[in-house]
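See below for structure_26.csv, which holds CSV, C-alpha atoms and all ligand atoms.
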chain,number,residue,atom,x,y,z
A,272,MET,CA,14.3,-12.1,-22.5
A,273,SER,CA,12.4,-9.1,-21.1
A,274,LYS,CA,12.9,-8.3,-17.4
A,275,VAL,CA,10.5,-9.4,-14.7
A,276,VAL,CA,8.8,-7.2,-12.1
A,277,LEU,CA,6.8,-8.2,-9.1
A,278,VAL,CA,4.4,-5.6,-7.7
A,279,THR,CA,2.9,-6.3,-4.2
A,280,GLY,CA,-0.6,-5.1,-3.8
A,281,GLY,CA,-1.0,-4.7,-7.6
A,282,SER,CA,-4.7,-5.3,-7.5
A,283,ARG,CA,-5.8,-1.7,-6.8
A,284,GLY,CA,-4.7,1.9,-6.5
A,285,ILE,CA,-1.0,2.9,-6.9
A,286,GLY,CA,0.2,-0.7,-7.3
A,287,ARG,CA,-2.2,-1.4,-10.1
A,288,GLN,CA,-1.0,1.6,-12.0
A,289,VAL,CA,2.7,0.8,-11.4
A,290,ALA,CA,1.9,-2.7,-12.7
A,291,ILE,CA,0.2,-1.4,-15.8
A,292,GLN,CA,2.9,1.1,-16.7
A,293,LEU,CA,5.7,-1.4,-16.2
A,294,ALA,CA,3.9,-4.0,-18.3
A,295,LYS,CA,3.5,-1.4,-21.1
A,296,GLU,CA,7.2,-0.7,-20.8
A,297,GLY,CA,7.9,-4.4,-21.7
A,298,TYR,CA,8.4,-6.0,-18.3
A,299,ARG,CA,7.0,-9.4,-17.7
A,300,LEU,CA,4.7,-8.9,-14.7
A,301,LEU,CA,3.6,-10.7,-11.5
A,302,ILE,CA,0.8,-9.0,-9.7
A,303,ASN,CA,0.4,-9.9,-6.1
A,304,TYR,CA,-3.0,-9.4,-4.4
A,305,ASN,CA,-4.5,-10.5,-1.1
A,306,LYS,CA,-8.2,-9.8,-0.8
A,307,SER,CA,-9.0,-8.2,-4.2
A,308,GLN,CA,-9.0,-11.2,-6.4
A,309,LYS,CA,-11.6,-9.8,-8.8
A,310,GLU,CA,-9.7,-6.6,-9.4
A,311,ALA,CA,-6.4,-8.5,-9.9
A,312,GLN,CA,-8.1,-10.9,-12.4
A,313,GLU,CA,-9.6,-7.9,-14.3
A,314,THR,CA,-6.2,-6.1,-14.5
A,315,CYS,CA,-4.6,-9.4,-15.6
A,316,ARG,CA,-7.2,-10.0,-18.3
A,317,PHE,CA,-7.0,-6.4,-19.6
A,318,LEU,CA,-3.2,-6.5,-19.9
A,319,ARG,CA,-3.2,-10.0,-21.5
A,320,GLU,CA,-5.7,-8.8,-24.1
A,321,GLU,CA,-3.2,-6.0,-24.9
A,322,GLY,CA,-0.6,-8.7,-25.4
A,323,TYR,CA,1.4,-8.4,-22.2
A,324,GLN,CA,2.8,-11.3,-20.2
A,325,VAL,CA,1.1,-11.2,-16.8
A,326,GLU,CA,0.5,-13.6,-13.9
A,327,ILE,CA,-1.3,-13.0,-10.6
A,328,PHE,CA,-0.6,-14.6,-7.2
A,329,LYS,CA,-2.6,-14.4,-4.0
A,330,ALA,CA,-0.4,-13.9,-0.9
A,331,ASP,CA,-0.6,-12.1,2.3
A,332,VAL,CA,2.8,-10.4,2.2
A,333,SER,CA,3.1,-10.3,6.0
A,334,LYS,CA,3.3,-14.1,6.1
A,335,GLN,CA,6.7,-15.8,5.4
A,336,ASP,CA,5.3,-19.0,3.9
A,337,GLN,CA,3.0,-17.2,1.5
A,338,VAL,CA,5.8,-14.8,0.4
A,339,LYS,CA,8.1,-17.8,-0.2
A,340,ALA,CA,5.4,-19.5,-2.3
A,341,MET,CA,4.9,-16.3,-4.3
A,342,PHE,CA,8.6,-16.1,-5.2
A,343,ASP,CA,8.7,-19.8,-6.0
A,344,PHE,CA,5.8,-19.2,-8.4
A,345,CYS,CA,7.6,-16.2,-9.9
A,346,MET,CA,10.8,-18.3,-10.6
A,347,ASP,CA,8.7,-21.2,-11.9
A,348,ARG,CA,6.8,-19.0,-14.4
A,349,PHE,CA,9.4,-16.4,-15.4
A,350,GLY,CA,12.7,-17.8,-14.2
A,351,SER,CA,13.8,-14.4,-12.9
A,352,ILE,CA,13.1,-11.4,-10.7
A,353,ASP,CA,14.6,-8.2,-11.8
A,354,VAL,CA,12.5,-5.5,-10.1
A,355,LEU,CA,10.5,-5.7,-6.8
A,356,VAL,CA,8.0,-3.0,-6.0
A,357,ASN,CA,7.0,-3.2,-2.3
A,358,ASN,CA,3.7,-1.4,-2.5
A,359,SER,CA,1.2,-3.3,-0.3
A,360,GLY,CA,0.0,-1.2,2.6
A,361,ILE,CA,-2.8,-0.5,5.0
A,362,SER,CA,-3.5,2.6,7.1
A,363,TYR,CA,-4.9,3.1,10.5
A,364,GLU,CA,-6.2,6.3,12.1
A,365,GLY,CA,-6.5,6.9,15.8
A,366,LEU,CA,-4.8,8.2,18.9
A,367,ILE,CA,-1.7,6.3,20.0
A,368,THR,CA,-3.3,6.0,23.4
A,369,ASP,CA,-6.3,4.1,21.9
A,370,MET,CA,-4.3,1.8,19.7
A,371,ASP,CA,-4.0,-1.8,20.9
A,372,GLU,CA,-1.1,-4.2,20.3
A,373,GLU,CA,-3.0,-6.2,17.7
A,374,ASP,CA,-3.5,-3.1,15.5
A,375,TRP,CA,0.1,-2.1,15.9
A,376,ASP,CA,1.3,-5.6,14.9
A,377,ARG,CA,-1.1,-5.6,11.9
A,378,ILE,CA,0.2,-2.3,10.5
A,379,ILE,CA,3.8,-3.1,11.1
A,380,ASP,CA,3.6,-6.6,9.7
A,381,THR,CA,1.7,-5.6,6.6
A,382,ASN,CA,3.7,-2.4,5.8
A,383,LEU,CA,7.2,-3.2,7.0
A,384,LYS,CA,7.7,-6.9,7.9
A,385,SER,CA,6.4,-7.7,4.3
A,386,VAL,CA,9.2,-5.5,2.8
A,387,PHE,CA,11.8,-7.5,4.7
A,388,LEU,CA,10.2,-10.8,3.7
A,389,CYS,CA,9.8,-9.9,0.0
A,390,SER,CA,13.2,-8.2,-0.3
A,391,LYS,CA,15.0,-11.2,1.3
A,392,GLU,CA,13.4,-13.6,-1.2
A,393,ALA,CA,14.1,-11.2,-4.2
A,394,LEU,CA,17.7,-10.6,-3.2
A,395,LYS,CA,18.5,-14.3,-3.3
A,396,HIS,CA,18.0,-14.1,-7.1
A,397,MET,CA,19.3,-10.6,-7.6
A,398,ILE,CA,22.6,-11.4,-5.9
A,399,SER,CA,23.2,-14.3,-8.2
A,400,ASN,CA,22.3,-12.2,-11.2
A,401,HIS,CA,24.5,-9.3,-9.9
A,402,SER,CA,21.6,-7.0,-10.8
A,403,GLY,CA,18.3,-5.9,-9.4
A,404,LYS,CA,16.1,-3.0,-8.2
A,405,ILE,CA,14.0,-2.7,-5.1
A,406,ILE,CA,11.5,0.1,-4.9
A,407,ASN,CA,9.6,0.8,-1.6
A,408,ILE,CA,6.4,2.8,-1.8
A,409,SER,CA,6.8,4.6,1.5
A,410,SER,CA,5.0,7.9,2.4
A,411,MET,CA,5.7,11.5,3.2
A,412,TRP,CA,4.4,10.6,6.7
A,413,GLY,CA,7.4,8.3,7.1
A,414,GLN,CA,9.6,11.4,6.8
A,415,VAL,CA,7.6,14.0,8.8
A,416,GLY,CA,5.4,11.8,11.1
A,417,ALA,CA,1.6,12.1,11.2
A,418,SER,CA,-0.7,12.8,14.1
A,419,CYS,CA,-3.1,9.8,14.7
A,420,GLU,CA,-1.0,7.7,12.4
A,421,VAL,CA,1.8,6.6,14.6
A,422,ALA,CA,2.1,3.0,13.5
A,423,TYR,CA,1.6,3.9,9.8
A,424,SER,CA,4.3,6.6,10.0
A,425,ALA,CA,6.7,4.4,11.9
A,426,SER,CA,6.2,1.6,9.3
A,427,LYS,CA,6.7,4.0,6.4
A,428,ALA,CA,9.9,5.4,8.1
A,429,GLY,CA,11.1,1.8,8.4
A,430,MET,CA,10.6,1.2,4.7
A,431,ILE,CA,12.9,4.2,4.0
A,432,ALA,CA,15.6,2.9,6.4
A,433,LEU,CA,15.2,-0.6,4.9
A,434,ALA,CA,15.8,0.8,1.4
A,435,LYS,CA,18.9,2.7,2.5
A,436,SER,CA,20.3,-0.3,4.4
A,437,VAL,CA,19.7,-2.6,1.4
A,438,ALA,CA,21.3,0.0,-0.8
A,439,GLN,CA,24.4,0.0,1.4
A,440,GLU,CA,24.6,-3.7,1.9
A,441,MET,CA,23.7,-4.8,-1.7
A,442,GLY,CA,25.2,-2.0,-3.8
A,443,PRO,CA,28.5,-4.0,-4.2
A,444,LYS,CA,26.3,-6.9,-5.5
A,445,GLY,CA,24.8,-4.7,-8.3
A,446,VAL,CA,21.4,-4.1,-6.5
A,447,ARG,CA,19.9,-0.7,-6.2
A,448,ALA,CA,17.2,0.1,-3.6
A,449,ASN,CA,15.2,3.3,-3.3
A,450,ALA,CA,12.0,4.6,-1.8
A,451,ILE,CA,9.2,6.8,-3.1
A,452,ALA,CA,7.4,9.1,-0.6
A,453,PRO,CA,4.0,9.9,-2.1
A,454,GLY,CA,2.0,12.8,-0.6
A,455,PHE,CA,-1.8,12.9,-1.0
A,456,ILE,CA,-2.7,10.5,-3.9
A,457,ASP,CA,-6.2,9.9,-5.0
A,458,THR,CA,-6.9,6.2,-4.2
A,459,ALA,CA,-9.3,4.1,-2.0
A,460,MET,CA,-6.9,4.9,0.9
A,461,THR,CA,-7.6,8.7,0.7
A,462,GLN,CA,-11.2,8.4,-0.5
A,463,GLN,CA,-12.0,7.2,3.0
A,464,LEU,CA,-11.4,10.8,4.1
A,465,SER,CA,-14.3,13.4,4.2
A,466,GLU,CA,-14.6,15.9,1.3
A,467,GLU,CA,-13.8,18.7,3.8
A,468,ILE,CA,-10.5,17.1,4.9
A,469,ARG,CA,-9.6,16.3,1.3
A,470,LYS,CA,-10.2,20.0,0.4
A,471,GLU,CA,-8.2,21.2,3.4
A,472,TRP,CA,-5.2,19.0,2.3
A,473,THR,CA,-5.4,20.1,-1.3
A,474,SER,CA,-5.2,23.8,-0.2
A,475,LYS,CA,-1.9,23.0,1.6
A,476,ILE,CA,-0.2,21.5,-1.5
A,477,PRO,CA,1.8,24.0,-3.5
A,478,LEU,CA,0.6,22.5,-6.8
A,479,ARG,CA,-3.0,22.7,-5.5
A,480,ARG,CA,-4.0,19.2,-6.5
A,481,GLY,CA,-3.8,15.7,-5.1
A,482,GLY,CA,-1.4,13.3,-6.9
A,483,THR,CA,-2.5,10.6,-9.4
A,484,THR,CA,-1.5,7.0,-9.4
A,485,GLU,CA,0.3,7.8,-12.7
A,486,ASP,CA,2.5,10.4,-10.8
A,487,ILE,CA,3.8,7.6,-8.6
A,488,ALA,CA,4.0,5.0,-11.4
A,489,ASN,CA,6.1,7.4,-13.6
A,490,THR,CA,8.6,7.6,-10.7
A,491,ALA,CA,8.6,3.8,-10.2
A,492,LEU,CA,9.3,3.5,-14.0
A,493,TYR,CA,12.3,5.8,-13.7
A,494,LEU,CA,13.7,3.9,-10.6
A,495,ALA,CA,13.2,0.6,-12.4
A,496,SER,CA,15.0,1.8,-15.5
A,497,ASP,CA,18.6,2.4,-16.4
A,498,LEU,CA,17.8,6.2,-16.5
A,499,SER,CA,18.4,5.9,-12.7
A,500,SER,CA,21.4,3.6,-12.9
A,501,TYR,CA,23.5,5.8,-10.5
A,502,VAL,CA,20.6,6.4,-8.0
A,503,SER,CA,20.5,4.3,-4.9
A,504,GLY,CA,19.5,4.7,-1.3
A,505,GLN,CA,17.3,7.7,-2.1
A,506,VAL,CA,13.9,8.8,-1.2
A,507,ILE,CA,12.0,10.5,-4.0
A,508,GLN,CA,9.2,12.7,-2.8
A,509,VAL,CA,6.2,12.8,-5.1
A,510,ASP,CA,3.9,15.1,-3.3
A,511,GLY,CA,3.3,18.3,-5.3
A,512,GLY,CA,5.8,20.1,-3.1
A,513,MET,CA,3.9,19.4,0.2
A,514,ASN,CA,7.0,18.3,2.1
A,515,MET,CA,10.2,20.3,1.3
A,601,LIG,P1,-5.1,1.0,-1.6
A,601,LIG,O1,-5.8,1.5,-2.9
A,601,LIG,O2,-5.8,0.9,-0.4
A,601,LIG,O3,-4.3,-0.4,-2.0
A,601,LIG,C1,-3.6,-1.1,-1.1
A,601,LIG,C2,-3.0,-2.3,-1.7
A,601,LIG,O4,-2.3,-3.0,-0.7
A,601,LIG,C3,-4.1,-3.3,-2.3
A,601,LIG,O5,-3.7,-3.7,-3.6
A,601,LIG,C4,-4.1,-4.4,-1.3
A,601,LIG,O6,-4.4,-5.7,-1.9
A,601,LIG,C5,-2.7,-4.4,-0.8
A,601,LIG,N1,-2.5,-5.1,0.5
A,601,LIG,C6,-3.0,-4.7,1.7
A,601,LIG,N2,-2.7,-5.6,2.6
A,601,LIG,C7,-2.0,-6.6,2.0
A,601,LIG,C8,-1.5,-7.9,2.4
A,601,LIG,N3,-1.5,-8.3,3.7
A,601,LIG,N4,-0.9,-8.7,1.4
A,601,LIG,C9,-0.8,-8.3,0.1
A,601,LIG,N5,-1.3,-7.1,-0.3
A,601,LIG,C10,-1.9,-6.3,0.6
A,601,LIG,O7,-3.9,2.0,-1.3
A,601,LIG,P2,-2.9,2.9,-2.2
A,601,LIG,O8,-3.3,4.3,-1.9
A,601,LIG,O9,-2.9,2.4,-3.6
A,601,LIG,O10,-1.5,2.6,-1.5
A,601,LIG,C11,-0.5,1.9,-2.0
A,601,LIG,C12,0.8,2.1,-1.2
A,601,LIG,O11,1.1,3.5,-1.3
A,601,LIG,C13,0.6,1.8,0.3
A,601,LIG,O12,1.8,1.2,0.8
A,601,LIG,C14,0.4,3.2,0.9
A,601,LIG,O13,0.8,3.3,2.3
A,601,LIG,C15,1.2,4.1,0.0
A,601,LIG,N6,0.8,5.5,0.0
A,601,LIG,C16,-0.4,5.9,-0.4
A,601,LIG,C17,-0.7,7.3,-0.4
A,601,LIG,C18,-2.0,7.8,-0.8
A,601,LIG,O14,-2.3,9.0,-0.6
A,601,LIG,N7,-2.9,7.0,-1.4
A,601,LIG,C19,0.2,8.2,0.1
A,601,LIG,C20,1.5,7.7,0.6
A,601,LIG,C21,1.8,6.4,0.5
A,601,LIG,P3,-5.8,-6.4,-1.7
A,601,LIG,O15,-6.9,-5.4,-1.8
A,601,LIG,O16,-5.7,-7.5,-2.8
A,601,LIG,O17,-5.8,-7.1,-0.3
Show the structure stored in the file as structure tokens.
Amino acid sequence: MSKVVLVTGGSRGIGRQVAIQLAKEGYRLLINYNKSQKEAQETCRFLREEGYQVEIFKADVSKQDQVKAMFDFCMDRFGSIDVLVNNSGISYEGLITDMDEEDWDRIIDTNLKSVFLCSKEALKHMISNHSGKIINISSMWGQVGASCEVAYSASKAGMIALAKSVAQEMGPKGVRANAIAPGFIDTAMTQQLSEEIRKEWTSKIPLRRGGTTEDIANTALYLASDLSSYVSGQVIQVDGGMNM
């Protein structure tokens, strides 16, 4: 039987591309979405037409009961979970002094608590299979910190520490956990920025271009595969050389 991957936030952007490339590599695929039902259905239809085995599931990954229902669905449909890609995320821009508790909780719950909830559910099955891979889509801001993105940066740093801790704790059980730290990737998240800011960022990147969703998906493909069988607890920076 081919392996099973669950991609959180696979409806759009980076997650969608990761999902597509893993399906094309032969993985059976569960795409999680929360708000973008139409986009998730379109991706699912497109992949099924190409002959791939794909399901979609609506769940707010910051909510324990919804995460549990999603993993129950995954086991019911596919009977396994081999790779978990923790990709769902939201951003928030503003001064720390203007940020209220509600916004802080929303960012941390969506970006970090979700990784705990999903990893915990996935690990139950990975431990009994003595095999599994967890891939956290963090950010370069989780490594260097970003002005006006305190909660986002803290959540992304937390995703890195969580991957390293899971790698330490679950390595003896045959599970690998790693993080990817993308730089400036062209998706809805960065399209919110003005053209001027986007140009300014690009001028600071040694490779002089923003990254593509394919750049991140290729790295996820590597971390999911046996090509990375001795790689665990690492952060792979995919940022055109922006942070070195
Ligand atoms: P995006 O286009 O805005 O997509 C965000 C995804 O997260 C969507 O699929 C969305 O699903 C999902 N999501 C948000 N809240 C959710 C929730 N509560 N439950 C389930 N899914 C939820 O962003 P992106 O650029 O592809 O970013 C993907 C990941 O890469 C994020 O974690 C982001 O922090 C990280 N990243 C991005 C960049 C960049 O430059 N773009 C750089 C570094 C790191 P719905 O629309 O269905 O709700």
Can you tell me which residues surround stretch 367-374 of chain A at a distance of at most 12 Å, considering all atoms listed in the file, apart from same-chain residues fewer than 5 positions away, and format the answer as a PyMOL selection string? chain A and resi 361-362+379-381+417-425
Restricting it to C-alpha atoms, dump the selection as a CSV table (one decimal), in the coordinates of the input.
chain,number,residue,atom,x,y,z
A,361,ILE,CA,-2.8,-0.5,5.0
A,362,SER,CA,-3.5,2.6,7.1
A,379,ILE,CA,3.8,-3.1,11.1
A,380,ASP,CA,3.6,-6.6,9.7
A,381,THR,CA,1.7,-5.6,6.6
A,417,ALA,CA,1.6,12.1,11.2
A,418,SER,CA,-0.7,12.8,14.1
A,419,CYS,CA,-3.1,9.8,14.7
A,420,GLU,CA,-1.0,7.7,12.4
A,421,VAL,CA,1.8,6.6,14.6
A,422,ALA,CA,2.1,3.0,13.5
A,423,TYR,CA,1.6,3.9,9.8
A,424,SER,CA,4.3,6.6,10.0
A,425,ALA,CA,6.7,4.4,11.9
Selection near stretch 312-322 of chain A, 9 Å with all atoms listed in the file, sequence-local residues under 3 positions removed, as a PyMOL selection string: chain A and resi 281-283+287+290-291+294-295+302+307-309+325-327
Could you dump the residues just selected with C-alpha atoms as a PDB file, keeping the file's coordinate frame?
ATOM      1  CA  GLY A 281      -1.000  -4.700  -7.600  1.00  0.00           C
ATOM      2  CA  SER A 282      -4.700  -5.300  -7.500  1.00  0.00           C
ATOM      3  CA  ARG A 283      -5.800  -1.700  -6.800  1.00  0.00           C
ATOM      4  CA  ARG A 287      -2.200  -1.400 -10.100  1.00  0.00           C
ATOM      5  CA  ALA A 290       1.900  -2.700 -12.700  1.00  0.00           C
ATOM      6  CA  ILE A 291       0.200  -1.400 -15.800  1.00  0.00           C
ATOM      7  CA  ALA A 294       3.900  -4.000 -18.300  1.00  0.00           C
ATOM      8  CA  LYS A 295       3.500  -1.400 -21.100  1.00  0.00           C
ATOM      9  CA  ILE A 302       0.800  -9.000  -9.700  1.00  0.00           C
ATOM     10  CA  SER A 307      -9.000  -8.200  -4.200  1.00  0.00           C
ATOM     11  CA  GLN A 308      -9.000 -11.200  -6.400  1.00  0.00           C
ATOM     12  CA  LYS A 309     -11.600  -9.800  -8.800  1.00  0.00           C
ATOM     13  CA  VAL A 325       1.100 -11.200 -16.800  1.00  0.00           C
ATOM     14  CA  GLU A 326       0.500 -13.600 -13.900  1.00  0.00           C
ATOM     15  CA  ILE A 327      -1.300 -13.000 -10.600  1.00  0.00           C
TER      16      ILE A 327
END
Distance query A:Ser351 at most 9 Å, only C-alpha atoms, self and fewer than 4 positions along chain excluded, as a PyMOL selection string: chain A and resi 274-276+345-347+396-397+400
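Each of A:Ala450, A:Leu478, A:Ala495, A:Met272 was compared to ligand LIG 601 (chain A) using only C-alpha atoms and all ligand atoms, and A:Ala450 turns out to be the nearest.
Candidate residues A:Ser465, A:Asn305, A:Ser474, A:Thr279 were compared for distance to A:Ser390, and the nearest is A:Thr279, using all atoms listed in the file.
For the atom pair formed by atom CA of A:Glu471 and atom CA of A:Tyr363, the distance is 19.7 Å, given to one decimal.
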